[in-house]
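A.B. asks: Provided herewith is a single structure, encoded as structure tokens, for subsequent inquiry.
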Amino acid sequence: MKYYDVIVIGAGPSGIITGVTGKKENPDKSFLMIMEEQKGLVPCGIPYVFHDLDDITQNIMGPAPFISAGGEVIVDTVTSVDIPRKTLTTKSGETFSWEKLVFATGSAPTVPKFIKGYDLGNIEYVKKSYSYIESLVEKVKNSRDIVVIGGGFIGAEMAEQLAKDPDRNITLVEMEEHCLNRAFSSDFAAMADDHLTNAGVKLRCGCRVEEFLGTGSVEAVALQGAERIPADLVICSIGYGPRTELAAEAGLEITGNGTIKVDRYMRTSARDVFAVGDCSSTSGFITGNPDNIMLASTATAEARVLGYNLFCIHLLRTFAGTLSVFSTEFDGYAFASAGAIEETARRADIDYVTGRFEDVDRHPGSLPGAKKMIVKLIVTPETGRIIGAEIYGGKSVGELINLISLAIQKQVTVFELVSFQMGTHPLLTPAPTKYVLVKACEAAISMIRKRCS
Ligand SMILES: Cc1cc2nc3c(=O)[nH]c(=O)nc-3n(C[C@H](O)[C@H](O)[C@H](O)COP(=O)(O)OP(=O)(O)OC[C@H]3O[C@@H](n4cnc5c(N)ncnc54)[C@H](O)[C@@H]3O)c2cc1C
């Protein structure tokens, strides 16, 4: 039986970053990472394999940085873990012992077993697996009528990419009123719907799938009511569930939403055993309530905390919960949000005001490439603290939301941000005279003043 100081199960973003950070921090310790497949892919890049990237080989991700740092990797699947004996066994029959064990086993797409016909042929998923996506690309090439089920960001990105081929009919079915409804309030989500439609996606929002129809393979999707959408391929994207069977069988505590229970330092209920990324529990930064945010950005932030603190706590965790910083782009326009959106605040009984401003992201706005930009801030009226934001616009939105995320984490108020010293340039940013973020702060201050008068 071979011994390692640290064994990481899984080589997704959280496993790789835990391994790289941990090994760099502890060069004298031996590290092993166990990965299920020889080839890995950038999960967030999967939708772009179907159009914008030439092929799947442009989207590969692997443990090279971990190996360069001195870690070892094997391709195998862990089948059992014995925590009291500090050992684990793999599918190929090998047994390893460890001092510290990290579960980075991630998540897998939810299978809609509650929909009749879910097991017909050509009903597929967006699995984070190189070999699976490689074969899905082939299926897509041979399909004309594709129905994507689920208008979260993964389903919406898939539909937008697939619709770039004019020879295909792409329908996106979402049971809520709008796509992206978990990340955006209805005004922003409605704009996302418009852009998806403009990109050639046939949207069917507010529709529930009743049945998949066909003999052997899917031929149509039946919606509630009489509507039937022809389909030679269905891609289900109705959510992801944490992969925690192994951890549960090993006796680790599992939360009500199926994740491995961890504390602020990713420590599980067993000493020397950690869990990180999609498989581990999170709680909301604003609400403090347990949630199941599954983002690579969250997973890697957790992995850095864990990598530094595997053997003892060197790096104090300064974030108290998951902010859920999210961004995407359709039809050339970006959407991003962080922290509370109006719906989240309402549901958590948080008193809030909004500050909204829209302008263009260049100055003058007649410059080529200028795009409309909208910033909406969610602010607590008592303190002026920013607790959430939604942004729409060009590519700069992707980094502006990260700035706002820091402001939320550092408890910055609109009173402070209103005199924020920013850099501006005609080709790069909005005008300093009407910098959209600052104007949104001013709008929030006006709302607070109105409340006080
Ligand atoms: C299409 C798509 C687009 C996305 N876009 C974004 C985005 O734009 N931004 C963003 O922040 N997030 C995005 N995400 C979410 C992000 O991909 C996940 O949050 C991230 O993959 C989580 O990383 P992880 O390492 O925790 O889990 P995973 O990526 O799921 O990796 C877990 C790994 O563990 C392995 N494993 C599991 N069990 C075992 C076992 N028993 N033995 C050995 N290995 C095992 C699996 O094979 C897998 O490789 C996207 C996800 C998808 C699917």
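By order of appearance in the structure tokens: chains A, B, ..., then residues from 1 within every chain, and ligands from 1 in the order shown.
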Could the residues that lie within 7 Å of ligand 1, counting only C-alpha atoms and all ligand atoms, be listed as a ChimeraX atom specification?

C.D. replies: /A:9-15,34-37,40,43-47,76-79,104-108,126-128,154,243,246,276-279,294-299,326-328

A.B. asks: Using DSSP on the backbone, list every residue of range 165-335 of chain A that comes out as strand (DSSP E), and give them as a ChimeraX atom specification.

C.D. replies: /A:169-174,202-205,209-213,220-223,228-230,233-236,240-242,273-275,282-283,290-291,326-330,333-335

A.B. asks: Choose the residue, out of A:Phe274, A:Phe330, A:Phe285, A:Trp98, that has the smallest atom-to-atom separation from Leu310 in chain A; count only C-alpha atoms.

C.D. replies: A:Phe274

A.B. asks: Let me make sure I understand: among A:Arg271, A:Arg182, A:Lys39, A:Arg208, which one has the smallest atom-to-atom distance to Ile133 in chain A if we use only C-alpha atoms?

C.D. replies: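 Selected residue with least distance to Ile133 in chain A: A:Lys39.
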
A.B. asks: So that I can see what lies close to Tyr125 in chain A, please list as a PDB file with N, CA, C and O atoms, in the first residue's frame the residues with an atom at most 8 Å from it, counting only C-alpha atoms and leaving out residues fewer than 3 positions away in the same chain.

C.D. replies:
ATOM      1  N   PRO A 109     -24.961  16.390 -13.702  1.00  0.00           N
ATOM      2  CA  PRO A 109     -26.276  16.911 -14.101  1.00  0.00           C
ATOM      3  C   PRO A 109     -27.427  16.103 -13.497  1.00  0.00           C
ATOM      4  O   PRO A 109     -27.323  14.883 -13.333  1.00  0.00           O
ATOM      5  N   ILE A 235     -31.259  18.294 -24.963  1.00  0.00           N
ATOM      6  CA  ILE A 235     -30.160  18.493 -24.006  1.00  0.00           C
ATOM      7  C   ILE A 235     -30.774  19.029 -22.716  1.00  0.00           C
ATOM      8  O   ILE A 235     -31.331  20.128 -22.683  1.00  0.00           O
ATOM      9  N   CYS A 236     -30.706  18.204 -21.666  1.00  0.00           N
ATOM     10  CA  CYS A 236     -31.305  18.591 -20.381  1.00  0.00           C
ATOM     11  C   CYS A 236     -30.294  19.359 -19.557  1.00  0.00           C
ATOM     12  O   CYS A 236     -29.183  18.883 -19.326  1.00  0.00           O
ATOM     13  N   SER A 237     -30.710  20.510 -19.086  1.00  0.00           N
ATOM     14  CA  SER A 237     -29.823  21.314 -18.242  1.00  0.00           C
ATOM     15  C   SER A 237     -30.674  21.900 -17.127  1.00  0.00           C
ATOM     16  O   SER A 237     -30.897  23.104 -17.051  1.00  0.00           O
TER      17      SER A 237
END

A.B. asks: Might you pull out every residue within 7 Å of Val201 in chain A, with only C-alpha atoms counted and same-chain residues fewer than 5 positions away left off, and present them as a list of chain:residue names?

C.D. replies: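 Non-adjacent residues within range: A:Ala159, A:Glu160, A:Ala163, A:Ile170, A:Thr171, A:Leu172, A:Leu196.
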
A.B. asks: From a DSSP calculation on the backbone, collect every residue of range 296-371 of chain A in helix (DSSP H, G or I) and output the set as a list in words.

C.D. replies: Ala296, Ser297, Thr298, Ala299, Thr300, Ala301, Glu302, Ala303, Arg304, Val305, Leu306, Gly307, Tyr308, Asn309, Glu342, Glu343, Thr344, Ala345, Arg346 and Arg347 of chain A

A.B. asks: Print the selection's residues with all heavy atoms to a file, as a compact mmCIF listing (two decimals), in the first residue's frame.

C.D. replies:
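And here's again30.txt as it stands now:
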# COMPACT_ATOMS: atom_id res chain seq x y z
N ALA A 296 -17.33 27.79 -10.57
CA ALA A 296 -15.90 27.51 -10.55
C ALA A 296 -15.17 28.59 -9.74
O ALA A 296 -14.17 28.30 -9.07
CB ALA A 296 -15.37 27.47 -11.97
N SER A 297 -15.68 29.83 -9.80
CA SER A 297 -15.03 30.91 -9.06
C SER A 297 -15.13 30.65 -7.55
O SER A 297 -14.15 30.82 -6.82
CB SER A 297 -15.66 32.26 -9.43
OG SER A 297 -17.07 32.17 -9.37
N THR A 298 -16.28 30.20 -7.11
CA THR A 298 -16.46 29.88 -5.69
C THR A 298 -15.58 28.68 -5.32
O THR A 298 -14.89 28.68 -4.30
CB THR A 298 -17.95 29.51 -5.43
OG1 THR A 298 -18.75 30.56 -5.92
CG2 THR A 298 -18.22 29.25 -3.97
N ALA A 299 -15.61 27.66 -6.19
CA ALA A 299 -14.86 26.43 -5.93
C ALA A 299 -13.36 26.72 -5.78
O ALA A 299 -12.70 26.19 -4.88
CB ALA A 299 -15.10 25.42 -7.07
N THR A 300 -12.82 27.58 -6.63
CA THR A 300 -11.38 27.84 -6.58
C THR A 300 -11.03 28.76 -5.40
O THR A 300 -9.94 28.64 -4.83
CB THR A 300 -10.86 28.42 -7.91
OG1 THR A 300 -11.69 29.51 -8.30
CG2 THR A 300 -10.85 27.38 -9.01
N ALA A 301 -11.95 29.66 -5.02
CA ALA A 301 -11.69 30.49 -3.83
C ALA A 301 -11.61 29.59 -2.60
O ALA A 301 -10.70 29.72 -1.77
CB ALA A 301 -12.80 31.53 -3.66
N GLU A 302 -12.54 28.63 -2.52
CA GLU A 302 -12.51 27.68 -1.39
C GLU A 302 -11.23 26.84 -1.43
O GLU A 302 -10.62 26.56 -0.41
CB GLU A 302 -13.71 26.72 -1.50
CG GLU A 302 -15.05 27.36 -1.23
CD GLU A 302 -16.22 26.44 -1.62
OE1 GLU A 302 -15.97 25.32 -2.15
OE2 GLU A 302 -17.35 26.84 -1.42
N ALA A 303 -10.84 26.45 -2.66
CA ALA A 303 -9.67 25.58 -2.81
C ALA A 303 -8.39 26.29 -2.36
O ALA A 303 -7.50 25.67 -1.79
CB ALA A 303 -9.53 25.15 -4.28
N ARG A 304 -8.32 27.61 -2.59
CA ARG A 304 -7.13 28.35 -2.14
C ARG A 304 -7.09 28.39 -0.62
O ARG A 304 -6.04 28.19 -0.01
CB ARG A 304 -7.10 29.76 -2.74
CG ARG A 304 -6.80 29.72 -4.22
CD ARG A 304 -6.52 31.06 -4.86
NE ARG A 304 -6.27 30.80 -6.27
CZ ARG A 304 -7.20 30.87 -7.22
NH1 ARG A 304 -8.42 31.23 -6.93
NH2 ARG A 304 -6.90 30.57 -8.47
N VAL A 305 -8.25 28.64 -0.02
CA VAL A 305 -8.32 28.64 1.46
C VAL A 305 -7.84 27.28 1.97
O VAL A 305 -6.99 27.20 2.87
CB VAL A 305 -9.77 28.91 1.94
CG1 VAL A 305 -9.89 28.66 3.44
CG2 VAL A 305 -10.19 30.33 1.60
N LEU A 306 -8.33 26.23 1.35
CA LEU A 306 -7.96 24.88 1.81
C LEU A 306 -6.48 24.58 1.55
O LEU A 306 -5.78 24.06 2.42
CB LEU A 306 -8.85 23.84 1.12
CG LEU A 306 -8.52 22.37 1.40
CD1 LEU A 306 -8.52 22.08 2.89
CD2 LEU A 306 -9.53 21.46 0.69
N GLY A 307 -6.00 24.94 0.35
CA GLY A 307 -4.61 24.67 0.00
C GLY A 307 -3.64 25.28 0.99
O GLY A 307 -2.66 24.66 1.40
N TYR A 308 -3.93 26.52 1.42
CA TYR A 308 -3.05 27.19 2.39
C TYR A 308 -3.15 26.56 3.78
O TYR A 308 -2.22 26.67 4.58
CB TYR A 308 -3.40 28.68 2.50
CG TYR A 308 -2.76 29.53 1.40
CD1 TYR A 308 -3.52 30.02 0.35
CD2 TYR A 308 -1.41 29.83 1.44
CE1 TYR A 308 -2.94 30.80 -0.65
CE2 TYR A 308 -0.81 30.61 0.44
CZ TYR A 308 -1.59 31.08 -0.60
OH TYR A 308 -1.01 31.84 -1.58
N ASN A 309 -4.31 25.98 4.08
CA ASN A 309 -4.59 25.61 5.47
C ASN A 309 -4.65 24.10 5.71
O ASN A 309 -5.14 23.67 6.75
CB ASN A 309 -5.93 26.24 5.90
CG ASN A 309 -5.85 27.76 5.91
OD1 ASN A 309 -4.79 28.32 6.19
ND2 ASN A 309 -6.93 28.42 5.61
N GLU A 342 -32.94 41.55 -6.22
CA GLU A 342 -34.15 42.01 -5.52
C GLU A 342 -34.96 40.84 -4.95
O GLU A 342 -35.42 40.88 -3.82
CB GLU A 342 -35.02 42.84 -6.46
CG GLU A 342 -34.42 44.21 -6.71
CD GLU A 342 -35.38 45.12 -7.44
OE1 GLU A 342 -36.33 45.59 -6.82
OE2 GLU A 342 -35.16 45.33 -8.65
N GLU A 343 -35.10 39.78 -5.75
CA GLU A 343 -35.89 38.63 -5.30
C GLU A 343 -35.28 37.98 -4.06
O GLU A 343 -35.98 37.62 -3.12
CB GLU A 343 -36.03 37.58 -6.41
CG GLU A 343 -37.14 37.86 -7.41
CD GLU A 343 -36.78 38.97 -8.41
OE1 GLU A 343 -35.70 39.58 -8.27
OE2 GLU A 343 -37.60 39.23 -9.30
N THR A 344 -33.93 37.83 -4.06
CA THR A 344 -33.26 37.20 -2.91
C THR A 344 -33.50 38.05 -1.66
O THR A 344 -33.78 37.53 -0.58
CB THR A 344 -31.72 37.16 -3.11
OG1 THR A 344 -31.41 37.05 -4.47
CG2 THR A 344 -31.06 36.10 -2.29
N ALA A 345 -33.34 39.36 -1.82
CA ALA A 345 -33.50 40.26 -0.67
C ALA A 345 -34.93 40.17 -0.14
O ALA A 345 -35.15 40.06 1.07
CB ALA A 345 -33.16 41.69 -1.09
N ARG A 346 -35.89 40.17 -1.07
CA ARG A 346 -37.30 40.10 -0.66
C ARG A 346 -37.57 38.80 0.09
O ARG A 346 -38.15 38.80 1.17
CB ARG A 346 -38.20 40.18 -1.90
CG ARG A 346 -39.11 41.40 -1.86
CD ARG A 346 -39.98 41.47 -3.09
NE ARG A 346 -39.39 42.29 -4.13
CZ ARG A 346 -39.30 41.95 -5.41
NH1 ARG A 346 -39.77 40.81 -5.83
NH2 ARG A 346 -38.75 42.76 -6.27
N ARG A 347 -37.07 37.69 -0.50
CA ARG A 347 -37.33 36.38 0.12
C ARG A 347 -36.71 36.28 1.51
O ARG A 347 -37.24 35.64 2.39
CB ARG A 347 -36.76 35.25 -0.76
CG ARG A 347 -37.78 34.66 -1.72
CD ARG A 347 -37.37 33.27 -2.16
NE ARG A 347 -36.02 33.21 -2.64
CZ ARG A 347 -35.64 33.46 -3.89
NH1 ARG A 347 -36.55 33.75 -4.79
NH2 ARG A 347 -34.37 33.37 -4.25

A.B. asks: Kindly give the distance, in Å, that separates CA of Leu88 in chain A and CA of Ser30 in chain A, rounded to a single decimal.

C.D. replies: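 Value for the CA of Leu88 in chain A-CA of Ser30 in chain A distance: 16.0 Å.
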
A.B. asks: Lys434 in chain A: which residues within 12 Å, counting only C-alpha atoms, same-chain residues fewer than 4 positions away excluded, as a ChimeraX atom specification?

C.D. replies: /A:357-365,373-375,418,422,424,429-430,438-443

A.B. asks: Please indicate the distance in Å from CA of Asp5 in chain A to CA of Leu101 in chain A, rounded to one decimal place.

C.D. replies: 8.5 Å

A.B. asks: When you draw a straight line from CA of Phe420 in chain A to CA of Gly288 in chain A, how long is it in Å?

C.D. replies: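 Spanning CA of Phe420 in chain A to CA of Gly288 in chain A is a straight-line distance of 28.6 Å.
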
A.B. asks: Compare A:Ile445, A:Met158, A:Ile238, A:Ala370 by their minimum atom-to-atom distance to Glu176 in chain A, counting only C-alpha atoms, and give me the closest one.

C.D. replies: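 Going through A:Ile445, A:Met158, A:Ile238, A:Ala370 one by one, the smallest distance to Glu176 in chain A is for A:Ile238.
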
A.B. asks: I'd like the neighbourhood of Ala226 in chain A as a list in words, where a residue qualifies if any of its atoms comes within 12 Å (using only C-alpha atoms), though same-chain residues fewer than 5 positions away should be ignored.

C.D. replies: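 Residues meeting the cut-off are Cys207, Arg208, Val209, Glu210, Glu211 and Val221 of chain A.
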
A.B. asks: Write out the residues from the selection above, keeping all heavy atoms, as a PDB file, in the first residue's frame.

C.D. replies:
ATOM      1  N   CYS A 207     -43.170  27.410 -19.535  1.00  0.00           N
ATOM      2  CA  CYS A 207     -43.688  26.133 -20.058  1.00  0.00           C
ATOM      3  C   CYS A 207     -43.015  24.971 -19.333  1.00  0.00           C
ATOM      4  O   CYS A 207     -41.795  24.949 -19.182  1.00  0.00           O
ATOM      5  CB  CYS A 207     -43.345  25.980 -21.541  1.00  0.00           C
ATOM      6  SG  CYS A 207     -44.144  27.187 -22.562  1.00  0.00           S
ATOM      7  N   ARG A 208     -43.818  24.008 -18.959  1.00  0.00           N
ATOM      8  CA  ARG A 208     -43.305  22.828 -18.267  1.00  0.00           C
ATOM      9  C   ARG A 208     -43.271  21.653 -19.236  1.00  0.00           C
ATOM     10  O   ARG A 208     -44.227  21.480 -20.001  1.00  0.00           O
ATOM     11  CB  ARG A 208     -44.264  22.518 -17.128  1.00  0.00           C
ATOM     12  CG  ARG A 208     -43.679  21.831 -15.951  1.00  0.00           C
ATOM     13  CD  ARG A 208     -44.748  21.718 -14.876  1.00  0.00           C
ATOM     14  NE  ARG A 208     -44.641  22.808 -13.923  1.00  0.00           N
ATOM     15  CZ  ARG A 208     -43.847  22.796 -12.864  1.00  0.00           C
ATOM     16  NH1 ARG A 208     -43.115  21.730 -12.613  1.00  0.00           N
ATOM     17  NH2 ARG A 208     -43.790  23.808 -12.034  1.00  0.00           N
ATOM     18  N   VAL A 209     -42.215  20.874 -19.201  1.00  0.00           N
ATOM     19  CA  VAL A 209     -42.167  19.674 -20.049  1.00  0.00           C
ATOM     20  C   VAL A 209     -42.995  18.583 -19.380  1.00  0.00           C
ATOM     21  O   VAL A 209     -42.816  18.288 -18.202  1.00  0.00           O
ATOM     22  CB  VAL A 209     -40.713  19.183 -20.234  1.00  0.00           C
ATOM     23  CG1 VAL A 209     -40.688  17.857 -20.997  1.00  0.00           C
ATOM     24  CG2 VAL A 209     -39.882  20.223 -20.955  1.00  0.00           C
ATOM     25  N   GLU A 210     -43.908  18.011 -20.177  1.00  0.00           N
ATOM     26  CA  GLU A 210     -44.763  16.968 -19.610  1.00  0.00           C
ATOM     27  C   GLU A 210     -44.228  15.580 -19.932  1.00  0.00           C
ATOM     28  O   GLU A 210     -44.283  14.673 -19.108  1.00  0.00           O
ATOM     29  CB  GLU A 210     -46.171  17.119 -20.163  1.00  0.00           C
ATOM     30  CG  GLU A 210     -47.216  16.449 -19.303  1.00  0.00           C
ATOM     31  CD  GLU A 210     -48.538  17.155 -19.452  1.00  0.00           C
ATOM     32  OE1 GLU A 210     -49.102  17.087 -20.568  1.00  0.00           O
ATOM     33  OE2 GLU A 210     -48.975  17.801 -18.486  1.00  0.00           O
ATOM     34  N   GLU A 211     -43.694  15.429 -21.144  1.00  0.00           N
ATOM     35  CA  GLU A 211     -43.272  14.085 -21.564  1.00  0.00           C
ATOM     36  C   GLU A 211     -42.289  14.187 -22.724  1.00  0.00           C
ATOM     37  O   GLU A 211     -42.360  15.116 -23.534  1.00  0.00           O
ATOM     38  CB  GLU A 211     -44.526  13.304 -22.017  1.00  0.00           C
ATOM     39  CG  GLU A 211     -44.270  11.846 -22.258  1.00  0.00           C
ATOM     40  CD  GLU A 211     -45.554  11.077 -22.610  1.00  0.00           C
ATOM     41  OE1 GLU A 211     -46.665  11.615 -22.407  1.00  0.00           O
ATOM     42  OE2 GLU A 211     -45.417   9.955 -23.117  1.00  0.00           O
ATOM     43  N   VAL A 221     -40.865  16.796 -27.861  1.00  0.00           N
ATOM     44  CA  VAL A 221     -41.021  17.150 -26.442  1.00  0.00           C
ATOM     45  C   VAL A 221     -42.444  17.669 -26.277  1.00  0.00           C
ATOM     46  O   VAL A 221     -42.850  18.611 -26.985  1.00  0.00           O
ATOM     47  CB  VAL A 221     -40.001  18.233 -26.031  1.00  0.00           C
ATOM     48  CG1 VAL A 221     -40.240  18.685 -24.593  1.00  0.00           C
ATOM     49  CG2 VAL A 221     -38.569  17.720 -26.199  1.00  0.00           C
TER      50      VAL A 221
END
